[in-house]
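Input: a single structure, listed below in structure tokens.
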Amino acid sequence: MKVRHFAEIYYSGAFFTESEKVEIESNNIKSVKIPDYAVGVVLFDVLESEVEHEGKKYILKSSERLNAQKYYVGRFLTIDDVAREYGENSTLYSNIVANHFDGAVVSKSGFCQGIKESDKKFVIDPKSLETDDVENE
């Protein structure tokens with residue numbers, strides 16, 4: 001059985017968030033070259049096994065979301081930070097309150113996404129990958 005590691009890199013598209021998948025050497029966020037336009041990264045594994053049936057060889061693959069972990073790329077803002085920087089009448093602030101989020105992640109490209117406090121530990125600044133500031137969960 002073979003284990004393959006992948007990163008799905010999310011970025012802001014014209015109307016929806018889009019993504020691209022790349023194979024990486026290890027299931028470690030530090031092994032991913034994160035582009036400036038990224039707003040999130042999901043690491044996952046795929047198990048592959050070759051089997052033979054009636055003289056033919058087949059490759060069986062597991063789900064793509066095996067051991068998946070999502071990272072948000074950008075800076076974390078508390079709900080108070082959002083109110084201060086964007087205003088309490090902003091769409092971002094209203095969405096955070098309405099969806100019971102604890103704050104938001106703002107990417108380098110300006111993409112904003114509401115998140116819960118428990119996900120804050122998965123917010124990364126790409127610069128931190130050059131140091132030991134980021135832990136794999």
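In the structure tokens, each chain is lettered A, B, ... as it comes, each chain's residues begin at 1, and ligands are numbered from 1 in order of appearance.
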
Closest-contact table, segment 64-112 of chain A side, partner segment 30-37 of chain A, 12 Å, counting only C-alpha atoms, as CSV:
residue,atom,partner,partner_atom,distance
A:Tyr71,CA,A:Ile34,CA,11.0
A:Tyr72,CA,A:Ile34,CA,11.1
A:Val73,CA,A:Ile34,CA,8.7
A:Gly74,CA,A:Asp36,CA,9.8
A:Val106,CA,A:Tyr37,CA,11.6
A:Ser107,CA,A:Tyr37,CA,7.9
A:Lys108,CA,A:Asp36,CA,6.8
A:Ser109,CA,A:Tyr37,CA,6.0
A:Gly110,CA,A:Tyr37,CA,9.4
A:Phe111,CA,A:Tyr37,CA,9.3

Just write the chosen residues, N, CA and C atoms, as a tab-separated table (two decimals), in the first residue's frame.
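Final output, again.tsv:
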chain	number	residue	atom	x	y	z
A	71	TYR	N	-6.03	24.70	6.84
A	71	TYR	CA	-5.33	25.87	7.36
A	71	TYR	C	-5.87	27.10	6.65
A	72	TYR	N	-6.06	28.17	7.40
A	72	TYR	CA	-6.48	29.44	6.83
A	72	TYR	C	-5.23	30.29	6.64
A	73	VAL	N	-5.12	30.96	5.51
A	73	VAL	CA	-3.93	31.75	5.22
A	73	VAL	C	-4.28	33.23	5.35
A	74	GLY	N	-3.64	33.92	6.28
A	74	GLY	CA	-3.88	35.35	6.47
A	74	GLY	C	-3.73	35.74	7.92
A	106	VAL	N	-8.33	37.44	7.26
A	106	VAL	CA	-8.22	38.30	6.09
A	106	VAL	C	-6.92	37.93	5.37
A	107	SER	N	-7.06	37.49	4.12
A	107	SER	CA	-5.89	37.07	3.35
A	107	SER	C	-5.15	38.28	2.79
A	108	LYS	N	-3.98	38.01	2.27
A	108	LYS	CA	-3.15	39.07	1.67
A	108	LYS	C	-3.89	39.75	0.52
A	109	SER	N	-4.74	38.98	-0.18
A	109	SER	CA	-5.49	39.54	-1.31
A	109	SER	C	-6.77	40.25	-0.88
A	110	GLY	N	-7.07	40.25	0.44
A	110	GLY	CA	-8.26	40.93	0.94
A	110	GLY	C	-9.47	40.03	1.10
A	111	PHE	N	-9.35	38.75	0.79
A	111	PHE	CA	-10.45	37.80	0.96
A	111	PHE	C	-10.69	37.62	2.45

Using DSSP on the backbone, list every residue of segment 4-123 of chain A that comes out as helix (DSSP H, G or I), and give them as a list of chain:residue names. A:Ile29, A:Lys30, A:Ser31, A:Ile79, A:Asp80, A:Asp81, A:Val82, A:Ala83, A:Arg84, A:Glu85, A:Tyr86, A:Thr91, A:Leu92, A:Tyr93, A:Ser94, A:Asn95, A:Ile96, A:Val97, A:Ala98, A:Glu117, A:Ser118, A:Asp119, A:Lys120, A:Lys121, A:Phe122

Kindly export the residues of the current selection with N, CA and C atoms, as an mmCIF file, in the first residue's frame.
data_model
loop_
_atom_site.group_PDB
_atom_site.id
_atom_site.type_symbol
_atom_site.label_atom_id
_atom_site.label_comp_id
_atom_site.auth_asym_id
_atom_site.auth_seq_id
_atom_site.Cartn_x
_atom_site.Cartn_y
_atom_site.Cartn_z
ATOM 1 N N ILE A 29 2.422 21.090 6.773
ATOM 2 C CA ILE A 29 2.163 22.402 6.166
ATOM 3 C C ILE A 29 3.440 23.076 5.701
ATOM 4 N N LYS A 30 4.560 22.768 6.361
ATOM 5 C CA LYS A 30 5.834 23.376 5.962
ATOM 6 C C LYS A 30 6.349 22.846 4.627
ATOM 7 N N SER A 31 5.775 21.754 4.123
ATOM 8 C CA SER A 31 6.208 21.205 2.835
ATOM 9 C C SER A 31 5.443 21.821 1.666
ATOM 10 N N ILE A 79 -13.782 39.814 16.478
ATOM 11 C CA ILE A 79 -14.984 40.550 16.074
ATOM 12 C C ILE A 79 -14.819 42.043 16.380
ATOM 13 N N ASP A 80 -14.115 42.369 17.472
ATOM 14 C CA ASP A 80 -13.845 43.776 17.792
ATOM 15 C C ASP A 80 -12.911 44.408 16.771
ATOM 16 N N ASP A 81 -11.911 43.644 16.315
ATOM 17 C CA ASP A 81 -11.004 44.136 15.272
ATOM 18 C C ASP A 81 -11.765 44.425 13.982
ATOM 19 N N VAL A 82 -12.694 43.517 13.639
ATOM 20 C CA VAL A 82 -13.494 43.694 12.416
ATOM 21 C C VAL A 82 -14.340 44.958 12.534
ATOM 22 N N ALA A 83 -14.967 45.165 13.689
ATOM 23 C CA ALA A 83 -15.785 46.367 13.904
ATOM 24 C C ALA A 83 -14.932 47.620 13.766
ATOM 25 N N ARG A 84 -13.735 47.578 14.323
ATOM 26 C CA ARG A 84 -12.839 48.734 14.278
ATOM 27 C C ARG A 84 -12.319 48.997 12.860
ATOM 28 N N GLU A 85 -11.907 47.936 12.144
ATOM 29 C CA GLU A 85 -11.300 48.107 10.821
ATOM 30 C C GLU A 85 -12.304 48.239 9.679
ATOM 31 N N TYR A 86 -13.475 47.580 9.802
ATOM 32 C CA TYR A 86 -14.449 47.566 8.714
ATOM 33 C C TYR A 86 -15.750 48.269 9.065
ATOM 34 N N THR A 91 -20.639 44.474 5.730
ATOM 35 C CA THR A 91 -21.150 43.142 5.418
ATOM 36 C C THR A 91 -20.360 42.075 6.181
ATOM 37 N N LEU A 92 -19.045 42.260 6.267
ATOM 38 C CA LEU A 92 -18.215 41.290 6.985
ATOM 39 C C LEU A 92 -18.648 41.186 8.443
ATOM 40 N N TYR A 93 -18.807 42.314 9.106
ATOM 41 C CA TYR A 93 -19.217 42.304 10.516
ATOM 42 C C TYR A 93 -20.589 41.640 10.667
ATOM 43 N N SER A 94 -21.531 42.008 9.802
ATOM 44 C CA SER A 94 -22.882 41.433 9.862
ATOM 45 C C SER A 94 -22.860 39.928 9.660
ATOM 46 N N ASN A 95 -22.040 39.447 8.719
ATOM 47 C CA ASN A 95 -21.942 38.004 8.469
ATOM 48 C C ASN A 95 -21.344 37.260 9.659
ATOM 49 N N ILE A 96 -20.342 37.862 10.284
ATOM 50 C CA ILE A 96 -19.710 37.225 11.439
ATOM 51 C C ILE A 96 -20.715 37.094 12.582
ATOM 52 N N VAL A 97 -21.456 38.160 12.848
ATOM 53 C CA VAL A 97 -22.455 38.140 13.922
ATOM 54 C C VAL A 97 -23.575 37.155 13.589
ATOM 55 N N ALA A 98 -24.118 37.242 12.370
ATOM 56 C CA ALA A 98 -25.254 36.395 11.979
ATOM 57 C C ALA A 98 -24.896 34.907 11.990
ATOM 58 N N GLU A 117 -13.378 30.540 17.177
ATOM 59 C CA GLU A 117 -12.176 30.666 18.002
ATOM 60 C C GLU A 117 -11.356 29.377 17.987
ATOM 61 N N SER A 118 -12.037 28.226 17.978
ATOM 62 C CA SER A 118 -11.331 26.937 17.997
ATOM 63 C C SER A 118 -10.490 26.699 16.742
ATOM 64 N N ASP A 119 -10.805 27.393 15.646
ATOM 65 C CA ASP A 119 -10.029 27.260 14.410
ATOM 66 C C ASP A 119 -8.875 28.249 14.326
ATOM 67 N N LYS A 120 -8.790 29.158 15.288
ATOM 68 C CA LYS A 120 -7.755 30.195 15.256
ATOM 69 C C LYS A 120 -6.355 29.588 15.194
ATOM 70 N N LYS A 121 -6.158 28.426 15.829
ATOM 71 C CA LYS A 121 -4.833 27.799 15.836
ATOM 72 C C LYS A 121 -4.420 27.326 14.448
ATOM 73 N N PHE A 122 -5.360 27.287 13.497
ATOM 74 C CA PHE A 122 -5.048 26.869 12.140
ATOM 75 C C PHE A 122 -4.889 28.049 11.178
#

Among chain A, which ones does DSSP assign to strand (DSSP E or B) (computed from the backbone)? Answer as a ChimeraX atom specification. /A:2-12,17-24,38-53,56-61,66-73,75-78,103-106,112-115,123-124

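Comparing A:Asp45, A:Phe76, A:Val105, A:Glu8 by their smallest distance to Lys61 of chain A, the closest is A:Asp45 (using only C-alpha atoms).
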
What's the separation between atom CA of Phe16 of chain A and atom CA of Asp102 of chain A, in Å to one decimal place?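 Atom CA of Phe16 of chain A sits 22.8 Å away from atom CA of Asp102 of chain A.
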